[in-house]
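Next comes protein_20.tsv, a file with TSV, C-alpha atoms and all ligand atoms.
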```tsv
chain	number	residue	atom	x	y	z
A	136	MET	CA	0.00	0.00	0.00
A	137	LYS	CA	1.18	3.51	-0.83
A	138	ILE	CA	0.26	6.99	0.37
A	139	THR	CA	-1.10	8.82	-2.67
A	140	ARG	CA	-2.66	12.01	-1.33
A	141	ILE	CA	-2.67	14.13	1.82
A	142	GLU	CA	-5.43	16.66	2.42
A	143	THR	CA	-5.83	19.29	5.08
A	144	ILE	CA	-9.27	20.70	5.80
A	145	GLN	CA	-10.01	23.80	7.84
A	146	LEU	CA	-13.55	25.06	8.49
A	147	ALA	CA	-14.21	28.74	9.25
A	148	ASP	CA	-16.86	27.55	11.71
A	149	THR	CA	-14.18	25.97	13.94
A	150	PRO	CA	-11.05	27.71	12.65
A	151	PHE	CA	-8.53	26.29	15.13
A	152	VAL	CA	-9.22	22.69	14.13
A	153	LEU	CA	-7.23	21.18	11.27
A	154	TYR	CA	-8.39	17.84	9.83
A	155	VAL	CA	-5.84	15.74	8.00
A	156	ARG	CA	-6.76	12.96	5.59
A	157	VAL	CA	-4.23	10.49	4.24
A	158	HIS	CA	-5.31	8.57	1.12
A	159	THR	CA	-3.84	5.30	-0.17
A	160	ASP	CA	-3.71	3.55	-3.52
A	161	GLU	CA	-5.98	0.84	-2.04
A	162	GLY	CA	-8.76	3.34	-1.40
A	163	LEU	CA	-8.37	3.54	2.37
A	164	ILE	CA	-8.54	7.01	3.92
A	165	GLY	CA	-7.15	7.69	7.37
A	166	THR	CA	-8.17	10.80	9.29
A	167	GLY	CA	-6.77	12.77	12.19
A	168	ASP	CA	-7.15	16.27	13.58
A	169	THR	CA	-5.25	18.73	15.71
A	170	PHE	CA	-5.87	22.15	17.16
A	171	MET	CA	-4.50	25.71	17.12
A	172	SER	CA	-2.55	27.56	14.42
A	173	ALA	CA	-4.25	25.41	11.81
A	174	GLU	CA	-2.86	27.44	8.88
A	175	GLY	CA	0.71	26.99	10.10
A	176	ILE	CA	0.23	23.25	10.59
A	177	ALA	CA	-1.23	22.91	7.09
A	178	GLY	CA	1.78	24.83	5.77
A	179	TYR	CA	4.19	22.40	7.43
A	180	ILE	CA	2.23	19.37	6.24
A	181	HIS	CA	2.21	20.39	2.58
A	182	GLY	CA	5.63	22.01	2.59
A	183	ARG	CA	7.66	19.43	4.53
A	184	ALA	CA	5.72	16.34	5.57
A	185	ALA	CA	3.87	15.42	2.37
A	186	PRO	CA	7.04	15.25	0.22
A	187	LYS	CA	8.48	12.79	2.76
A	188	LEU	CA	5.33	10.63	2.95
A	189	LEU	CA	3.85	10.46	-0.55
A	190	GLY	CA	4.61	7.13	-2.19
A	191	LYS	CA	5.56	5.49	1.14
A	192	ASP	CA	3.91	2.56	2.96
A	193	PRO	CA	1.41	4.05	5.45
A	194	GLY	CA	1.93	1.06	7.75
A	195	GLN	CA	5.47	2.04	8.71
A	196	ILE	CA	4.12	4.45	11.31
A	197	GLN	CA	7.10	4.63	13.66
A	198	ARG	CA	9.48	5.09	10.76
A	199	HIS	CA	7.48	8.07	9.47
A	200	TRP	CA	7.19	9.52	12.97
A	201	THR	CA	10.94	9.35	13.48
A	202	ALA	CA	11.70	10.78	10.04
A	203	LEU	CA	9.46	13.80	10.67
A	204	TYR	CA	10.39	14.31	14.32
A	205	ASP	CA	14.15	13.84	13.97
A	206	GLY	CA	14.24	15.56	10.60
A	207	ASP	CA	12.20	18.63	11.50
A	208	ALA	CA	10.60	18.98	14.94
A	209	ALA	CA	13.64	18.09	17.05
A	210	ARG	CA	15.62	20.78	15.28
A	211	PHE	CA	13.21	23.46	16.53
A	212	GLY	CA	12.88	22.54	20.18
A	213	GLY	CA	10.91	19.34	19.63
A	214	GLN	CA	7.58	21.14	19.89
A	215	GLY	CA	5.30	23.55	18.09
A	216	ILE	CA	3.35	23.21	14.86
A	217	GLU	CA	5.67	20.45	13.59
A	218	VAL	CA	4.69	18.16	16.46
A	219	ARG	CA	0.99	18.94	16.10
A	220	ALA	CA	1.24	18.17	12.37
A	221	ILE	CA	3.07	14.89	13.10
A	222	SER	CA	0.36	14.08	15.67
A	223	ALA	CA	-2.55	14.47	13.26
A	224	ILE	CA	-0.75	12.53	10.51
A	225	ASP	CA	0.11	9.79	13.01
A	226	VAL	CA	-3.54	9.37	14.01
A	227	ALA	CA	-4.49	9.12	10.33
A	228	LEU	CA	-1.83	6.42	9.77
A	229	TRP	CA	-3.08	4.40	12.76
A	230	ASP	CA	-6.59	4.77	11.32
A	231	ILE	CA	-5.38	3.29	8.02
A	232	LEU	CA	-3.57	0.46	9.81
A	233	GLY	CA	-6.68	-0.43	11.81
A	234	GLN	CA	-8.88	-0.34	8.73
A	235	SER	CA	-6.41	-2.46	6.76
A	236	VAL	CA	-6.53	-5.26	9.35
A	237	GLY	CA	-10.18	-4.78	10.32
A	238	ARG	CA	-9.47	-3.95	13.98
A	239	PRO	CA	-10.07	-0.95	16.25
A	240	ILE	CA	-6.81	0.82	17.14
A	241	TYR	CA	-6.88	-0.18	20.82
A	242	GLU	CA	-6.54	-3.82	19.77
A	243	LEU	CA	-3.34	-2.93	17.92
A	244	LEU	CA	-2.03	-1.25	21.09
A	245	GLY	CA	-2.29	-4.47	23.06
A	246	GLY	CA	-6.01	-4.79	23.57
A	247	ARG	CA	-8.37	-3.40	26.19
A	248	SER	CA	-7.25	-2.85	29.77
A	249	ARG	CA	-10.88	-2.01	30.65
A	250	ASP	CA	-14.34	-2.55	29.22
A	251	ARG	CA	-15.69	0.92	29.97
A	252	LEU	CA	-13.81	4.20	29.96
A	253	PRO	CA	-15.00	6.70	32.60
A	254	ILE	CA	-15.55	10.27	31.42
A	255	TYR	CA	-15.90	13.64	32.99
A	256	ASN	CA	-17.71	16.55	31.43
A	257	THR	CA	-15.75	19.68	30.69
A	258	CYS	CA	-18.38	22.30	31.24
A	259	GLY	CA	-18.04	24.60	28.24
A	260	GLY	CA	-20.86	25.39	25.84
A	261	PRO	CA	-21.17	24.69	22.11
A	262	ALA	CA	-19.44	28.01	21.28
A	263	TYR	CA	-16.59	27.56	23.78
A	264	GLY	CA	-13.10	27.53	22.24
A	265	ARG	CA	-13.97	29.26	18.99
A	266	PRO	CA	-14.73	32.80	17.94
A	267	PRO	CA	-16.61	35.04	18.55
A	268	TYR	CA	-15.55	35.04	22.19
A	269	GLU	CA	-18.46	37.32	23.14
A	270	ALA	CA	-20.72	34.29	22.59
A	271	HIS	CA	-19.09	32.30	25.38
A	272	GLY	CA	-21.15	31.70	28.45
A	273	ARG	CA	-24.46	33.06	27.21
A	274	PRO	CA	-27.62	31.19	28.17
A	275	GLY	CA	-28.86	28.57	25.70
A	276	PRO	CA	-29.07	24.84	25.01
A	277	LEU	CA	-26.11	22.88	26.43
A	278	GLU	CA	-24.54	26.12	27.68
A	279	ASP	CA	-22.85	24.41	30.59
A	280	LEU	CA	-20.43	27.34	30.96
A	281	TYR	CA	-23.32	29.70	31.63
A	282	THR	CA	-24.98	27.28	34.01
A	283	TRP	CA	-22.00	26.65	36.28
A	284	ASN	CA	-21.32	30.36	36.43
A	285	THR	CA	-24.87	31.12	37.50
A	286	ALA	CA	-26.25	27.97	39.17
A	287	ALA	CA	-23.54	25.31	39.39
A	288	GLU	CA	-25.82	23.14	41.52
A	289	ASP	CA	-28.33	22.89	38.65
A	290	LEU	CA	-25.61	21.75	36.28
A	291	ALA	CA	-24.37	19.14	38.76
A	292	GLU	CA	-27.91	17.77	39.13
A	293	ASP	CA	-28.39	17.74	35.37
A	294	LEU	CA	-25.14	15.84	34.77
A	295	LEU	CA	-25.95	13.34	37.52
A	296	SER	CA	-29.33	12.73	35.89
A	297	GLU	CA	-27.37	11.58	32.80
A	298	GLY	CA	-25.12	9.34	34.87
A	299	ILE	CA	-22.15	11.73	34.63
A	300	THR	CA	-20.45	11.87	38.04
A	301	ALA	CA	-17.44	14.09	37.30
A	302	MET	CA	-17.28	17.66	35.99
A	303	LYS	CA	-14.56	20.19	35.24
A	304	ILE	CA	-14.96	23.94	35.75
A	305	TRP	CA	-12.58	26.95	35.77
A	306	PRO	CA	-13.97	29.37	38.34
A	307	PHE	CA	-10.70	31.22	38.93
A	308	ASP	CA	-9.94	32.11	35.28
A	309	ASP	CA	-11.57	35.55	35.22
A	310	ILE	CA	-9.71	36.54	38.37
A	311	GLY	CA	-6.42	35.25	36.97
A	312	LEU	CA	-6.82	37.22	33.77
A	313	ARG	CA	-7.79	40.36	35.70
A	314	ASN	CA	-4.84	40.08	38.11
A	315	GLN	CA	-2.33	38.78	35.55
A	316	GLY	CA	-2.12	35.68	37.73
A	317	LEU	CA	-0.02	37.51	40.28
A	318	THR	CA	-2.27	37.87	43.32
A	319	ILE	CA	-5.62	36.68	44.66
A	320	SER	CA	-7.42	38.28	47.60
A	321	ALA	CA	-9.51	36.50	50.24
A	322	GLU	CA	-12.62	37.94	48.61
A	323	GLU	CA	-11.59	36.69	45.18
A	324	LEU	CA	-10.84	33.25	46.59
A	325	GLU	CA	-14.39	33.16	47.99
A	326	GLN	CA	-15.76	34.22	44.60
A	327	GLY	CA	-13.87	31.40	42.88
A	328	LEU	CA	-14.95	28.84	45.47
A	329	GLU	CA	-18.64	29.73	45.08
A	330	PRO	CA	-19.59	27.20	42.37
A	331	VAL	CA	-17.60	24.49	44.17
A	332	LYS	CA	-19.52	25.19	47.40
A	333	ARG	CA	-22.85	25.20	45.54
A	334	ILE	CA	-22.12	21.81	44.00
A	335	ARG	CA	-21.03	20.31	47.32
A	336	ARG	CA	-24.09	21.76	49.13
A	337	ALA	CA	-26.49	20.42	46.49
A	338	VAL	CA	-25.14	16.96	45.71
A	339	GLY	CA	-22.53	16.27	48.39
A	340	SER	CA	-19.84	13.86	47.35
A	341	ARG	CA	-21.86	12.34	44.48
A	342	MET	CA	-20.04	14.63	42.03
A	343	ARG	CA	-16.29	14.67	41.43
A	344	ILE	CA	-15.01	18.17	40.70
A	345	MET	CA	-11.96	19.01	38.61
A	346	ILE	CA	-10.60	22.56	38.69
A	347	GLU	CA	-8.96	23.86	35.50
A	348	GLY	CA	-6.52	26.78	35.65
A	349	HIS	CA	-5.55	27.20	31.97
A	350	GLY	CA	-2.04	28.29	32.99
A	351	PHE	CA	-3.25	31.75	34.08
A	352	TRP	CA	-1.47	31.81	37.46
A	353	ARG	CA	1.95	32.40	38.99
A	354	LEU	CA	3.13	30.25	41.85
A	355	PRO	CA	2.18	32.24	45.00
A	356	ALA	CA	-1.44	32.76	43.95
A	357	ALA	CA	-1.67	29.19	42.64
A	358	VAL	CA	-0.65	27.89	46.07
A	359	LYS	CA	-3.39	30.01	47.70
A	360	ILE	CA	-6.02	28.63	45.29
A	361	ALA	CA	-4.96	25.01	45.78
A	362	ARG	CA	-4.94	25.37	49.57
A	363	ALA	CA	-8.37	27.05	49.55
A	364	LEU	CA	-9.73	24.06	47.61
A	365	GLU	CA	-8.35	21.47	50.05
A	366	GLU	CA	-11.49	21.20	52.16
A	367	TYR	CA	-13.74	20.56	49.14
A	368	ASP	CA	-12.28	17.21	48.09
A	369	VAL	CA	-11.62	18.20	44.47
A	370	GLU	CA	-10.32	15.52	42.13
A	371	TRP	CA	-7.42	17.68	40.94
A	372	VAL	CA	-6.16	21.16	40.17
A	373	GLU	CA	-5.12	21.30	36.53
A	374	ASP	CA	-2.56	23.63	34.99
A	375	LEU	CA	-2.86	26.48	37.45
A	376	LEU	CA	0.66	27.13	36.12
A	377	LEU	CA	1.93	26.82	32.57
A	378	ALA	CA	4.02	23.69	32.22
A	379	HIS	CA	7.35	25.04	30.97
A	380	ASP	CA	8.66	25.47	34.54
A	381	ILE	CA	8.55	21.99	36.07
A	382	GLY	CA	10.21	23.33	39.23
A	383	ALA	CA	7.26	25.65	39.85
A	384	ILE	CA	4.79	22.77	39.44
A	385	ALA	CA	6.88	20.71	41.87
A	386	SER	CA	6.78	23.58	44.35
A	387	LEU	CA	2.99	23.87	44.06
A	388	HIS	CA	2.72	20.12	44.52
A	389	ALA	CA	4.85	20.29	47.69
A	390	GLN	CA	2.68	23.03	49.18
A	391	THR	CA	-0.82	21.56	48.88
A	392	ARG	CA	-2.77	18.41	49.67
A	393	VAL	CA	-4.90	18.80	46.51
A	394	PRO	CA	-3.82	16.40	43.73
A	395	VAL	CA	-1.92	18.30	41.03
A	396	LEU	CA	-2.47	17.41	37.37
A	397	ALA	CA	-0.04	18.31	34.55
A	398	SER	CA	-0.13	18.77	31.59
A	399	GLU	CA	-1.70	18.85	28.16
A	400	TYR	CA	0.83	21.62	27.40
A	401	LEU	CA	3.76	19.19	27.44
A	402	VAL	CA	4.75	17.45	24.22
A	403	THR	CA	6.65	14.22	23.65
A	404	ARG	CA	8.41	11.95	26.17
A	405	HIS	CA	11.19	14.49	26.37
A	406	GLN	CA	9.02	17.08	28.12
A	407	PHE	CA	7.11	14.63	30.33
A	408	LEU	CA	10.21	12.90	31.67
A	409	PRO	CA	11.42	15.75	33.95
A	410	LEU	CA	7.86	16.20	35.31
A	411	LEU	CA	7.89	12.52	36.26
A	412	GLU	CA	11.45	12.45	37.56
A	413	GLN	CA	10.79	15.44	39.81
A	414	ARG	CA	7.56	13.84	41.12
A	415	ALA	CA	5.93	17.20	40.39
A	416	ALA	CA	2.42	15.94	39.61
A	417	ASP	CA	-0.02	13.29	40.82
A	418	ILE	CA	-1.91	12.78	37.57
A	419	ILE	CA	-0.54	12.99	34.03
A	420	MET	CA	-2.73	14.62	31.38
A	421	LEU	CA	-1.85	14.36	27.74
A	422	ASP	CA	-3.40	15.44	24.49
A	423	PRO	CA	-2.77	12.81	21.80
A	424	THR	CA	-2.86	15.30	18.93
A	425	TRP	CA	-0.62	17.87	20.60
A	426	THR	CA	1.95	15.55	22.12
A	427	GLY	CA	2.99	13.48	19.11
A	428	GLY	CA	0.05	11.32	18.08
A	429	ILE	CA	-0.95	7.84	19.16
A	430	THR	CA	2.61	6.56	18.69
A	431	GLU	CA	4.07	9.03	21.18
A	432	ALA	CA	1.11	9.24	23.58
A	433	HIS	CA	1.20	5.46	24.06
A	434	LYS	CA	4.83	5.76	25.17
A	435	ILE	CA	4.12	8.69	27.49
A	436	GLY	CA	1.33	6.67	29.09
A	437	ALA	CA	3.79	3.83	29.64
A	438	LEU	CA	6.34	6.26	31.06
A	439	ALA	CA	3.77	7.59	33.55
A	440	ASP	CA	2.93	3.99	34.45
A	441	THR	CA	6.62	3.34	35.12
A	442	PHE	CA	6.46	6.12	37.73
A	443	GLY	CA	3.26	4.66	39.17
A	444	LEU	CA	1.02	7.49	38.00
A	445	PRO	CA	-2.39	7.55	36.35
A	446	VAL	CA	-2.82	9.11	32.93
A	447	THR	CA	-5.86	10.93	31.56
A	448	MET	CA	-6.66	12.06	28.04
A	449	HIS	CA	-7.45	15.61	26.95
A	450	ASP	CA	-10.12	16.55	24.46
A	451	CYS	CA	-11.64	19.96	24.13
A	452	THR	CA	-10.59	20.16	20.50
A	453	GLY	CA	-11.97	17.75	17.91
A	454	PRO	CA	-13.64	14.38	17.26
A	455	PHE	CA	-10.51	12.54	16.09
A	456	THR	CA	-8.55	13.76	19.12
A	457	LEU	CA	-11.37	12.43	21.28
A	458	LEU	CA	-11.29	9.04	19.61
A	459	ALA	CA	-7.48	8.86	19.63
A	460	GLY	CA	-7.66	9.38	23.41
A	461	VAL	CA	-10.36	6.72	23.72
A	462	HIS	CA	-8.24	4.08	21.98
A	463	LEU	CA	-5.16	5.01	24.03
A	464	ALA	CA	-7.06	5.05	27.33
A	465	LEU	CA	-8.82	1.75	26.64
A	466	ALA	CA	-5.43	0.14	26.07
A	467	ALA	CA	-3.37	1.84	28.79
A	468	PRO	CA	-3.27	-0.01	32.14
A	469	ASN	CA	-3.05	3.29	34.03
A	470	ALA	CA	-5.71	5.44	32.28
A	471	THR	CA	-8.43	6.94	34.46
A	472	TYR	CA	-10.61	9.31	32.46
A	473	GLN	CA	-11.34	10.50	28.97
A	474	GLU	CA	-12.21	14.20	28.93
A	475	THR	CA	-15.40	14.93	27.01
A	476	VAL	CA	-17.39	18.07	26.24
A	477	ARG	CA	-21.02	17.05	25.89
A	478	ALA	CA	-21.78	20.43	24.31
A	479	TYR	CA	-19.36	19.59	21.49
A	480	ILE	CA	-20.29	15.93	21.07
A	481	ARG	CA	-23.96	16.86	20.68
A	482	THR	CA	-23.50	19.87	18.40
A	483	TRP	CA	-20.58	20.58	16.09
A	484	TYR	CA	-18.93	17.13	16.25
A	485	GLN	CA	-22.15	15.88	14.66
A	486	ASP	CA	-21.68	18.35	11.81
A	487	VAL	CA	-18.38	16.77	10.79
A	488	VAL	CA	-18.53	13.04	11.66
A	489	PRO	CA	-21.40	10.55	11.46
A	490	HIS	CA	-20.56	9.20	14.93
A	491	SER	CA	-18.03	9.95	17.65
A	492	VAL	CA	-18.44	8.06	20.93
A	493	THR	CA	-21.16	6.12	22.72
A	494	ILE	CA	-21.51	7.19	26.35
A	495	GLU	CA	-23.57	5.16	28.83
A	496	ASP	CA	-23.79	5.82	32.57
A	497	GLY	CA	-20.80	8.14	32.58
A	498	ALA	CA	-18.49	5.92	30.56
A	499	ILE	CA	-17.50	5.45	26.92
A	500	LEU	CA	-18.12	2.02	25.43
A	501	PRO	CA	-15.27	0.62	23.30
A	502	PRO	CA	-15.73	1.48	19.63
A	503	THR	CA	-16.05	-1.63	17.47
A	504	ALA	CA	-15.42	-0.23	13.97
A	505	PRO	CA	-11.97	-0.77	12.43
A	506	GLY	CA	-9.41	2.02	12.75
A	507	ILE	CA	-10.22	5.21	14.64
A	508	GLY	CA	-13.93	4.41	14.36
A	509	THR	CA	-15.27	7.33	12.36
A	510	SER	CA	-14.57	9.45	9.30
A	511	LEU	CA	-15.30	12.93	8.02
A	512	LEU	CA	-18.73	13.32	6.48
A	513	PRO	CA	-18.28	13.71	2.71
A	514	ASP	CA	-20.05	17.07	2.58
A	515	VAL	CA	-17.48	18.60	4.95
A	516	LEU	CA	-15.03	18.96	2.07
A	517	THR	CA	-17.51	20.85	-0.09
A	518	ARG	CA	-18.79	23.14	2.64
A	519	ARG	CA	-18.60	26.80	1.67
A	520	ASP	CA	-16.52	27.58	4.74
A	521	ALA	CA	-13.99	24.80	4.03
A	522	THR	CA	-10.38	25.45	3.00
A	523	VAL	CA	-9.05	22.24	1.48
A	524	VAL	CA	-5.41	21.92	0.44
A	525	THR	CA	-4.16	18.77	-1.30
A	526	SER	CA	-0.72	17.29	-1.92
A	527	THR	CA	-0.61	14.39	-4.38
A	528	LEU	CA	1.92	11.85	-5.53
B	601	MG	MG	-6.90	21.50	30.43
```

Transcribe the structure of this file into structure tokens.
Amino acid sequence: MKITRIETIQLADTPFVLYVRVHTDEGLIGTGDTFMSAEGIAGYIHGRAAPKLLGKDPGQIQRHWTALYDGDAARFGGQGIEVRAISAIDVALWDILGQSVGRPIYELLGGRSRDRLPIYNTCGGPAYGRPPYEAHGRPGPLEDLYTWNTAAEDLAEDLLSEGITAMKIWPFDDIGLRNQGLTISAEELEQGLEPVKRIRRAVGSRMRIMIEGHGFWRLPAAVKIARALEEYDVEWVEDLLLAHDIGAIASLHAQTRVPVLASEYLVTRHQFLPLLEQRAADIIMLDPTWTGGITEAHKIGALADTFGLPVTMHDCTGPFTLLAGVHLALAAPNATYQETVRAYIRTWYQDVVPHSVTIEDGAILPPTAPGIGTSLLPDVLTRRDATVVTSTL
């Protein structure tokens, strides 16, 4: 089998997402996606990656990964758009491999370590993560962001009624942005704790609560936030700090009893290793289409397992990232959760794929279709807001 064509597809509707399709001479099409700086990633794919891949066997996945990473990414810090491009291509190649042998990807990663994959709901709305930003958090259907900001207890009850027993919110973000992450007053701490208190008052310990920080804080204020959360039994604090300073994360970890999670912002084994060696985090989060694709994420999961830590998969980005995480987390012995955004799965994911995941009682059921388990709907490529770029053999 040979790679004959590589397409990138960007939709104005969700402009940060880049879909990548890899075509073969046997008619199989593998698909992946990645997120942020989509134009730059497409530029790298058509300018550098496609010339190296066209005409090659799509099944030699590690060989292609190494050629692209060693040849390009590692020469520019081993991160950035090159690694996101490699990630999306890698997912597409695993999709082709799975289709070619008639197996879901998790079976090619060693088979299932679990029969159901627990989820939590990241409580954004359908418009979260894409422009216009003024639309974020307005009332409307599935506007979970609005609901937890106004009546977090109602959202907790609603999720529980669906069987979802874990939710992620980011109640300190506005304060962090206002204060440049430098300070937080007692009054502001109380303001940030409000939705957490409402959830605990309404549903007690029936709901697990994850607190997201989006890297908006500096260490002293982050320590205050983590300590203030200690009495509320939160599942973790996530990325209060950006992840480039592992020493700062280690310091936060040493100063609080709240479990510290890090980080979807780290890419490849090379960036996760110091986090693990310094015992700076309790839970390892990775994004399969930021960190190097299924090939690399599988290794990072194994590395975390070597240090005795659980791993959890990020998705607030796209349907193929979600499914890549599902396959990885089904296979990994140490995976805990797959992140999901119900507001995405039930709205714009349905505009681009015929099916993403099946969720029952707060857990994803293993996909049974070969490969990644879904594909782009054909009309996506002819949408008026689509920018499609093609490289051919
Ligand atoms: Mg996050």

For this session: Could I get the residue neighbourhood of ligand MG 601 (chain B) at 12 Å, counting all atoms listed in the file, as an MDAnalysis selection string?
Result: chainID A and resid 256:259 264 303:305 345:351 371:378 396:401 419:422 447:452 473:476

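Comparing the minimum interatomic distances between Val236 (chain A) and each of A:Ala504, A:Ala356, A:Met302, A:Ile499, counting all atoms listed in the file, we find that A:Ala504 sits nearest.
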
For this session: State, in Å with one decimal place, the distance from CA of Tyr367 (chain A) to CA of His388 (chain A).
Result: 17.1 Å

For this session: Enumerate, as a PyMOL selection string, the protein, DNA and RNA residues whose atoms approach (9.2, 16.8, 35.1) to within 10 Å, taking into account all atoms listed in the file and the coordinate frame of the file.
Result: chain A and resi 378-382+384-385+397+401+405-416

Problem set entry | Radius query 12 Å about (-18.9, 13.8, 8.0), atoms used: only C-alpha atoms, as a list in words |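 With a cut-off of 12 Å, the residues come to Tyr154, Thr166, Pro454, Phe455, Trp483, Tyr484, Gln485, Asp486, Val487, Val488, Pro489, His490, Ser491, Thr509, Ser510, Leu511, Leu512, Pro513, Asp514, Val515, Leu516, Thr517 and Arg518 of chain A.
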
Could you take the residues named above and write them with C-alpha atoms, as a tab-separated table (two decimals), in the frame of the given file?
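The result, written out as again-v6.tsv:
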```tsv
chain	number	residue	atom	x	y	z
A	154	TYR	CA	-8.39	17.84	9.83
A	166	THR	CA	-8.17	10.80	9.29
A	454	PRO	CA	-13.64	14.38	17.26
A	455	PHE	CA	-10.51	12.54	16.09
A	483	TRP	CA	-20.58	20.58	16.09
A	484	TYR	CA	-18.93	17.13	16.25
A	485	GLN	CA	-22.15	15.88	14.66
A	486	ASP	CA	-21.68	18.35	11.81
A	487	VAL	CA	-18.38	16.77	10.79
A	488	VAL	CA	-18.53	13.04	11.66
A	489	PRO	CA	-21.40	10.55	11.46
A	490	HIS	CA	-20.56	9.20	14.93
A	491	SER	CA	-18.03	9.95	17.65
A	509	THR	CA	-15.27	7.33	12.36
A	510	SER	CA	-14.57	9.45	9.30
A	511	LEU	CA	-15.30	12.93	8.02
A	512	LEU	CA	-18.73	13.32	6.48
A	513	PRO	CA	-18.28	13.71	2.71
A	514	ASP	CA	-20.05	17.07	2.58
A	515	VAL	CA	-17.48	18.60	4.95
A	516	LEU	CA	-15.03	18.96	2.07
A	517	THR	CA	-17.51	20.85	-0.09
A	518	ARG	CA	-18.79	23.14	2.64
```

Return as CSV the residues of region 138-195 of chain A lying at most 7 Å from region 201-222 of chain A, together with the closest atom-to-atom pair for each and the distance in Å to one decimal, counting all atoms listed in the file, with rows in chain order and ascending residue number.
```
residue,atom,partner,partner_atom,distance
A:Thr169,CA,A:Arg219,CA,6.3
A:Gly175,CA,A:Ile216,CA,6.6
A:Ile176,CA,A:Ile216,CA,5.3
A:Tyr179,CA,A:Glu217,CA,6.6
A:Ile180,CA,A:Ala220,CA,6.3
A:Ala184,CA,A:Leu203,CA,6.8
```

All residues 12 Å or closer to Thr318 (chain A), all atoms listed in the file, same chain fewer than 6 positions away omitted, as a PDB file with C-alpha atoms, keeping the file's coordinate frame:
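The result, stored in result-v6.pdb:
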```pdb
ATOM      1  CA  PHE A 307     -10.700  31.220  38.930  1.00  0.00           C
ATOM      2  CA  ILE A 310      -9.710  36.540  38.370  1.00  0.00           C
ATOM      3  CA  GLY A 311      -6.420  35.250  36.970  1.00  0.00           C
ATOM      4  CA  LEU A 312      -6.820  37.220  33.770  1.00  0.00           C
ATOM      5  CA  LEU A 324     -10.840  33.250  46.590  1.00  0.00           C
ATOM      6  CA  PHE A 351      -3.250  31.750  34.080  1.00  0.00           C
ATOM      7  CA  TRP A 352      -1.470  31.810  37.460  1.00  0.00           C
ATOM      8  CA  ARG A 353       1.950  32.400  38.990  1.00  0.00           C
ATOM      9  CA  LEU A 354       3.130  30.250  41.850  1.00  0.00           C
ATOM     10  CA  PRO A 355       2.180  32.240  45.000  1.00  0.00           C
ATOM     11  CA  ALA A 356      -1.440  32.760  43.950  1.00  0.00           C
ATOM     12  CA  ALA A 357      -1.670  29.190  42.640  1.00  0.00           C
ATOM     13  CA  VAL A 358      -0.650  27.890  46.070  1.00  0.00           C
ATOM     14  CA  LYS A 359      -3.390  30.010  47.700  1.00  0.00           C
ATOM     15  CA  ILE A 360      -6.020  28.630  45.290  1.00  0.00           C
TER      16      ILE A 360
END
```

Problem set entry | Two-atom distance - CA of Gly260 (chain A), CA of Lys332 (chain A) (Å) |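 Separation of CA of Gly260 (chain A) and CA of Lys332 (chain A): 21.6 Å.
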
Exercise. CA of Ala173 (chain A) and CA of Thr525 (chain A), how far apart in Å?
Worked result: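 Distance between the two atoms: 14.7 Å.
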
For this session: Find the residues around Ile141 (chain A) up to 12 Å (all atoms listed in the file counted), leave out those fewer than 3 positions away in its own chain, and share them as JSON, numbers by chain.
Result: {"A": [137, 138, 144, 154, 155, 156, 157, 158, 159, 160, 164, 165, 166, 167, 177, 180, 181, 182, 183, 184, 185, 186, 187, 188, 189, 190, 191, 193, 220, 223, 224, 227, 228, 523, 524, 525, 526, 527, 528]}

For this session: List the neighbours of Val152 (chain A) out to 8 Å using only C-alpha atoms; skip same-chain residues closer than 3 positions along the sequence, and give me the result as a list in words.
Result: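 The residues that qualify are Gln145, Leu146, Thr149, Asp168, Thr169, Phe170, Met171, Ala173, Thr452 and Gly453 of chain A.
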
For the selection just defined, write its residues with C-alpha atoms to a file, as a PDB file, in the coordinates of the input.
```
ATOM      1  CA  GLN A 145     -10.010  23.800   7.840  1.00  0.00           C
ATOM      2  CA  LEU A 146     -13.550  25.060   8.490  1.00  0.00           C
ATOM      3  CA  THR A 149     -14.180  25.970  13.940  1.00  0.00           C
ATOM      4  CA  ASP A 168      -7.150  16.270  13.580  1.00  0.00           C
ATOM      5  CA  THR A 169      -5.250  18.730  15.710  1.00  0.00           C
ATOM      6  CA  PHE A 170      -5.870  22.150  17.160  1.00  0.00           C
ATOM      7  CA  MET A 171      -4.500  25.710  17.120  1.00  0.00           C
ATOM      8  CA  ALA A 173      -4.250  25.410  11.810  1.00  0.00           C
ATOM      9  CA  THR A 452     -10.590  20.160  20.500  1.00  0.00           C
ATOM     10  CA  GLY A 453     -11.970  17.750  17.910  1.00  0.00           C
TER      11      GLY A 453
END
```

Problem set entry | Option closest in space to Gln326 (chain A), from A:Ile254, A:Val446, A:Val461, A:Ala363 [counting only C-alpha atoms] | A:Ala363

Exercise. Which residue, A:Pro330, A:Gln234, A:Ala467, A:Ile196, has the smallest gap to Tyr281 (chain A) when you use all atoms listed in the file?
Worked result: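 Closest to Tyr281 (chain A), using all atoms listed in the file: A:Pro330.
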
Exercise. Asp309 (chain A): which residues within 10 Å, counting all atoms listed in the file, same-chain residues fewer than 6 positions away excluded, as a PyMOL selection string?
Worked result: chain A and resi 315-316+327+351

Where is the centre and how long are the edges: axis-aligned box on region 244-260 of chain A, 3 Å on each side, Å to one decimal, as JSON:
```
{"center_x": -11.4, "center_y": 10.3, "center_z": 27.0, "size_x": 24.8, "size_y": 36.2, "size_z": 17.9}
```

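Closest approach to Asp279 (chain A) from the set A:His199, A:Arg343, A:His433, A:Arg477 is made by A:Arg477, with distances taken over only C-alpha atoms.
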
Exercise. A:Ala270, A:Ala291, A:Ala437, A:Leu458: which is nearest Ser340 (chain A), counting all atoms listed in the file?
Worked result: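 Nearest to Ser340 (chain A): A:Ala291.
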